[in-house]
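Here the structure is laid out as C-alpha cells; the discussion comes afterwards.
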Amino acid sequence: MKRKKLELTITVLIYLFSAVLAGVLSFYLLREDKLTPQFLQKNIFRNTLGPLCFAAFAAMSLRLYDGAYAFERISLWRSLWKSLGSTIALAGIWAAILLLQKNSVTQSRYYFVCSLLFFLPILAFLLFFVQNWTINHFYKTQSASFVLLATSSERAAEFSDFLKGDWYRKVAAIALLDRERRPEEAEEIDHIPVVAGRRDYVSWVQQNALDEIYLITEDTQEPDIIDAVRNFIQMGISVHLNLPTVEKLDRALALEEEKYSPAIQRTLLYARNGSPMLLLDQPEPKLRYMLIKRLIDILSGIVGSLIALLLFFILGAAIKLESPGPVLFSQERIGKNGRKFRMYKFRSMYQDAEKRKAELMEKNEMDGFMFKMKDDPRITKVGRFIRKTSLDEFPQFFNVLRGDMSLIGTRPPTVNEFKKYSNYHKRRLAMKPGITGMWQASGRSEIKDFEDVVRLDCKYIDNWSLWLDLKILAKTILVVVSGKGSE
C-alpha cells in the first residue's frame, strides 16, 4: 500500500515536472522571433503552464489507470514508447482546453508543437532513469522498509526470492521457525543472514531496526505464533500473515485483556507470488497529510537551523567559559522502528556527566527507564538557563532537516534505554521521533512515570492528525514560555 502511494506520487511529479520544463524551454527558445505579440502580452504562466500542467495530469490519469504506474525495469525504448502514448493524449487534451479557453497559445502554434517535442524525450528519460534507479538502489537506503522473513527452512528461499522482487523492501534477516534458536555459526539463505529461531526471533525483533515481518507458518494451532504476532503489533511493526493463522489470531486478539490495545488496520492482500496475506498494521494516514507534515518539517528545520547557528555564536562562548569542552553535545539515539541516528543539542552539562550518571541513579525521580533529577549537579549554570528556556533543543532542527526527526513526534530514547524496552514500549517508536510531543506538551518533568510517557506517545501515534500536531505545538510554546516542568 505504501509502495503504491510512493510510486503514484513520484509518477505525478515526473509528469508535472516534464510539462513545466517543456513549457519553459519552449518559451525561451521561441520568444525572440516565433511567438506572436498577442501571446507575449498575456500572462505567460497562467496562459501556458497552467493549462499544460492540467493537460499533463489528465493525460497521465488516462494512461496510468488501475495501477499502471507501478515501477518496473524498462528499457529506454520501451520508456519512449510509453511516453509517446502520453504525449499524444497530452496533445489532444491540451488542444481541447486551449480551444475552449480561446487561449492565445492557439495564435502561436510553434509553442504548442515545440512543447510537445520537448515533453516526449524529457518524460521518456525521467521515467526510464527514475524507475530504474529506484528499483536498483532504493532498497539500499534507510527509507526502505526493513523486513524479517519468519518461516521454515523449506520455504525460506522461495519467499525471500519473491520479496527481493519488491524494490520498496529490503529483506534484512530470516528467522527459521522449525529451529529452536539462532544457529551457532553464521548461516545465510539466498545471501540473507539467519538471525534467530522459533524461541528467540521475538527478542531479536525487539532489539533491531525493522518495519515489517512476513510470518509464514503451516501450523494454525501453535499458541507461540499468536503470542509473537501480539508482541509485534504492540511494537508497532507491520505483520504479514498467511491465511491459516488468521481466524484463530483474530479471536485471540479480540479476547485478550491488554493494558494497551493498539489501533489495528486489517487489509487482505496478495503477495507477488499470489499467496493470500493479511496485513495487520497501524492506521495509515493519508499521503497528502504526511507530505504536508514533511513540508512543515523542512520549513521549520530551515528556520530552526538558522536560529541554531546564531545561538551557536551567542551561547558558545558562555558554554565553553563555564565548562571546557565542545559547544554541542551529540549522542546516539534510537529513531523510527529502531533506526539509530546521532542527535545534537547545546551542551548543558559538564563533560563527565555520563560517568557521574551511575552515581546518581538512586536519586532518579522517574519510574522506569528514563533518568530525571531535580537540581542535577551535572548541569552547569548556563545549562540550567538554556534548559529552562529550551534553547538547548535548537540544534535538533538539523536532525529534522535531515529527516532523522520531526518537529512533532515522540522523544527518541538512548541506546541503553532502548535495550531495556518491553514489546509495548517499542511501539512508541512506530513514528519518527520529534523535538516536542505529547509528553513535553503535558508538562515534561512533571510526569514521573515512564509508563505515562509511553501511554501518551502511543495515544499520539494511534490518533495522529495535522490538527493534533498543531495543538501539541501550541501547548509546547505555552509550556516553554511559562517554564512549566522544565527542570
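FYI, nothing fancy with the C-alpha cells labels: chains A, B, ... in order, residues from 1 per chain, ligands from 1 as they appear.
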Closest pair table for range 401-423 of chain A residues within 9 Å of range 340-354 of chain A, only C-alpha atoms, as a tab-separated table:
residue	atom	partner	partner_atom	distance
A:Asp404	CA	A:Phe341	CA	6.8
A:Met405	CA	A:Met343	CA	8.9
A:Pro412	CA	A:Met343	CA	8.9
A:Val415	CA	A:Lys340	CA	8.3
Note to self: Just checking: using only C-alpha atoms, which residue out of A:Lys426, A:Glu218, A:Gln265, A:Ser305 ends up closest to Glu451 in chain A?
What the structure shows: A:Lys426
Next item on the list: Counting only C-alpha atoms, figure out which residue out of A:Pro121, A:Pro413, A:Gly165, A:Gly403 gets nearest to Lys293 in chain A.
Entry: A:Gly403
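Distance annotation: of A:Gln206, A:Leu126, A:Ser300, A:Arg288, the residue with the minimal separation from Leu13 in chain A is A:Leu126; atom set is only C-alpha atoms.
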Margin query: Taking the DSSP secondary structure from the backbone, can you list the residues of range 165-279 of chain A that are strand (DSSP E), as an NGL selection string?
Written below: :A and (169-176 or 188-189 or 192-197 or 212-215 or 238-242 or 265-270 or 276-279)
Next item on the list: May I have the residues within 9 Å of Asn231 in chain A as a ChimeraX atom specification, using only C-alpha atoms and disregarding those fewer than 3 positions away in the same chain?
Entry: /A:202,226-228,234-236,423-424
Dump C-alpha atoms for the selected residues as a tab-separated table (two decimals), in the first residue's frame?
chain	number	residue	atom	x	y	z
A	202	VAL	CA	10.72	-12.02	19.01
A	226	ILE	CA	-0.29	-15.94	18.33
A	227	ASP	CA	1.87	-14.56	21.15
A	228	ALA	CA	4.56	-13.47	18.67
A	234	GLN	CA	2.46	-3.90	20.27
A	235	MET	CA	5.85	-2.87	18.88
A	236	GLY	CA	4.10	-1.02	16.04
A	423	ASN	CA	7.42	-5.02	23.34
A	424	TYR	CA	4.80	-2.48	24.38
Next item on the list: Write out as a ChimeraX atom specification each polymer residue whose atoms come within 6 Å of range 175-183 of chain A, counting only C-alpha atoms; drop sequence neighbours fewer than 6 positions from it.
Entry: /A:150-153,194-200
Can you write just those residues out, all heavy atoms, as a tab-separated table (two decimals), in the first residue's frame?
chain	number	residue	atom	x	y	z
A	150	ALA	N	10.02	-14.74	8.60
A	150	ALA	CA	9.97	-15.81	9.59
A	150	ALA	C	9.18	-16.97	9.00
A	150	ALA	O	7.96	-16.87	8.79
A	150	ALA	CB	9.32	-15.32	10.88
A	151	THR	N	9.86	-18.06	8.71
A	151	THR	CA	9.21	-19.21	8.09
A	151	THR	C	10.07	-20.45	8.32
A	151	THR	O	11.02	-20.42	9.11
A	151	THR	CB	8.97	-18.95	6.59
A	151	THR	OG1	8.20	-20.02	6.04
A	151	THR	CG2	10.27	-18.81	5.84
A	152	SER	N	9.75	-21.52	7.65
A	152	SER	CA	10.51	-22.76	7.80
A	152	SER	C	11.71	-22.78	6.86
A	152	SER	O	11.78	-22.01	5.90
A	152	SER	CB	9.61	-23.96	7.49
A	152	SER	OG	9.19	-23.91	6.13
A	153	SER	N	12.66	-23.67	7.14
A	153	SER	CA	13.85	-23.79	6.29
A	153	SER	C	13.46	-24.14	4.86
A	153	SER	O	14.09	-23.69	3.89
A	153	SER	CB	14.78	-24.88	6.84
A	153	SER	OG	15.14	-24.59	8.17
A	194	VAL	N	20.64	-15.71	8.60
A	194	VAL	CA	19.68	-16.35	9.51
A	194	VAL	C	20.02	-15.88	10.92
A	194	VAL	O	21.12	-16.15	11.42
A	194	VAL	CB	19.76	-17.88	9.41
A	194	VAL	CG1	18.81	-18.53	10.41
A	194	VAL	CG2	19.43	-18.34	8.00
A	195	VAL	N	19.12	-15.18	11.56
A	195	VAL	CA	19.43	-14.50	12.82
A	195	VAL	C	18.75	-15.10	14.04
A	195	VAL	O	19.11	-14.77	15.17
A	195	VAL	CB	19.07	-13.00	12.73
A	195	VAL	CG1	19.88	-12.30	11.65
A	195	VAL	CG2	17.57	-12.82	12.49
A	196	ALA	N	17.75	-15.95	13.85
A	196	ALA	CA	17.01	-16.43	15.01
A	196	ALA	C	16.23	-17.69	14.67
A	196	ALA	O	16.07	-18.05	13.50
A	196	ALA	CB	16.06	-15.35	15.52
A	197	GLY	N	15.75	-18.34	15.72
A	197	GLY	CA	14.86	-19.47	15.59
A	197	GLY	C	13.52	-19.17	16.24
A	197	GLY	O	13.21	-18.01	16.54
A	198	ARG	N	12.75	-20.21	16.47
A	198	ARG	CA	11.38	-20.05	16.99
A	198	ARG	C	11.36	-19.41	18.38
A	198	ARG	O	10.44	-18.66	18.71
A	198	ARG	CB	10.71	-21.43	17.02
A	198	ARG	CG	9.21	-21.39	17.27
A	198	ARG	CD	8.64	-22.80	17.33
A	198	ARG	NE	7.20	-22.80	17.29
A	198	ARG	CZ	6.47	-22.88	16.19
A	198	ARG	NH1	7.08	-22.96	15.02
A	198	ARG	NH2	5.15	-22.90	16.24
A	199	ARG	N	12.36	-19.70	19.21
A	199	ARG	CA	12.35	-19.25	20.60
A	199	ARG	C	12.94	-17.85	20.80
A	199	ARG	O	12.70	-17.24	21.85
A	199	ARG	CB	13.11	-20.24	21.49
A	199	ARG	CG	12.55	-21.65	21.48
A	199	ARG	CD	11.13	-21.68	21.98
A	199	ARG	NE	10.55	-23.02	21.91
A	199	ARG	CZ	9.26	-23.26	22.08
A	199	ARG	NH1	8.42	-22.27	22.34
A	199	ARG	NH2	8.80	-24.50	21.98
A	200	ASP	N	13.70	-17.35	19.86
A	200	ASP	CA	14.36	-16.06	20.12
A	200	ASP	C	14.14	-15.01	19.03
A	200	ASP	O	14.76	-13.95	19.06
A	200	ASP	CB	15.87	-16.27	20.32
A	200	ASP	CG	16.54	-16.96	19.14
A	200	ASP	OD1	15.82	-17.34	18.20
A	200	ASP	OD2	17.76	-17.10	19.16
Return as a tab-separated table the residues of range 294-339 of chain A lying at most 9 Å from range 387-400 of chain A, together with the closest atom-to-atom pair for each and the distance in Å to one decimal, counting only C-alpha atoms, with rows in chain order and ascending residue number.
residue	atom	partner	partner_atom	distance
A:Asp297	CA	A:Val400	CA	6.2
A:Ile298	CA	A:Val400	CA	7.1
A:Ser300	CA	A:Phe397	CA	7.5
A:Gly301	CA	A:Phe397	CA	4.8
A:Ile302	CA	A:Phe397	CA	7.5
A:Val303	CA	A:Phe397	CA	8.3
A:Gly304	CA	A:Phe397	CA	5.4
A:Ser305	CA	A:Phe397	CA	5.4
A:Ile307	CA	A:Phe394	CA	7.4
A:Ala308	CA	A:Phe394	CA	5.3
A:Leu309	CA	A:Pro395	CA	8.1
A:Leu311	CA	A:Leu391	CA	8.2
A:Phe312	CA	A:Pro395	CA	8.9
A:Leu328	CA	A:Pro395	CA	8.0
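Between CA of Pro51 in chain A and CA of Ile97 in chain A lies a distance of 6.9 Å.
Distance-wise, CA of Ser115 in chain A and CA of Ser26 in chain A end up 5.5 Å apart.
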Note to self: Give me, as an NGL selection string, all polymer residues having an atom no more than 10 Å from Pro433 in chain A, counting only C-alpha atoms and skipping those fewer than 3 positions away in the same chain.
What the structure shows: :A and (333-337 or 400 or 403-413 or 428-430 or 436-437 or 457)
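With only C-alpha atoms taken into account, the protein and nucleic acid residues at most 8 Å from Leu52 in chain A (excluding it and anything under 4 positions from it in its own chain) are Ala19, Val20, Gly23, Thr48, Ala56 and Trp94 of chain A.
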Selection to disk with N, CA, C and O atoms, as a CSV table (one decimal), in the first residue's frame:
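Wrote again_10.csv, looks like this:
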chain,number,residue,atom,x,y,z
A,19,ALA,N,6.2,18.5,-17.9
A,19,ALA,CA,5.3,19.6,-18.6
A,19,ALA,C,5.9,21.0,-18.3
A,19,ALA,O,6.0,21.8,-19.3
A,20,VAL,N,6.2,21.3,-17.1
A,20,VAL,CA,6.8,22.6,-16.8
A,20,VAL,C,8.1,22.8,-17.5
A,20,VAL,O,8.3,23.9,-18.1
A,23,GLY,N,7.5,23.4,-21.2
A,23,GLY,CA,6.9,24.7,-21.5
A,23,GLY,C,7.9,25.8,-21.3
A,23,GLY,O,7.9,26.7,-22.2
A,48,THR,N,-0.1,29.5,-20.3
A,48,THR,CA,0.7,28.4,-20.9
A,48,THR,C,0.9,27.2,-19.9
A,48,THR,O,0.4,26.1,-20.1
A,56,ALA,N,-1.3,17.6,-18.8
A,56,ALA,CA,-0.4,16.6,-18.5
A,56,ALA,C,-0.9,15.6,-17.4
A,56,ALA,O,-0.8,14.4,-17.5
A,94,TRP,N,-4.7,19.1,-24.3
A,94,TRP,CA,-4.3,20.5,-24.3
A,94,TRP,C,-4.9,21.3,-25.4
A,94,TRP,O,-5.4,22.4,-25.1
Check: Which of range 49-268 of chain A counts as alpha helix (DSSP H) under DSSP, as number ranges by chain please?
Finding: A: 50-63, 76-101, 109-137, 153-164, 201-206, 223-235, 246-255
Checklist line | Spatial neighbours of range 460-463 of chain A, max dist 7 Å, only C-alpha atoms, sep filter under 4 positions, as a VMD selection string | finding: chain A and resid 263 431 438 456
Checklist line | Two-atom distance - CA of Gly316 in chain A, CA of Ile379 in chain A (Å) | finding: 15.7 Å
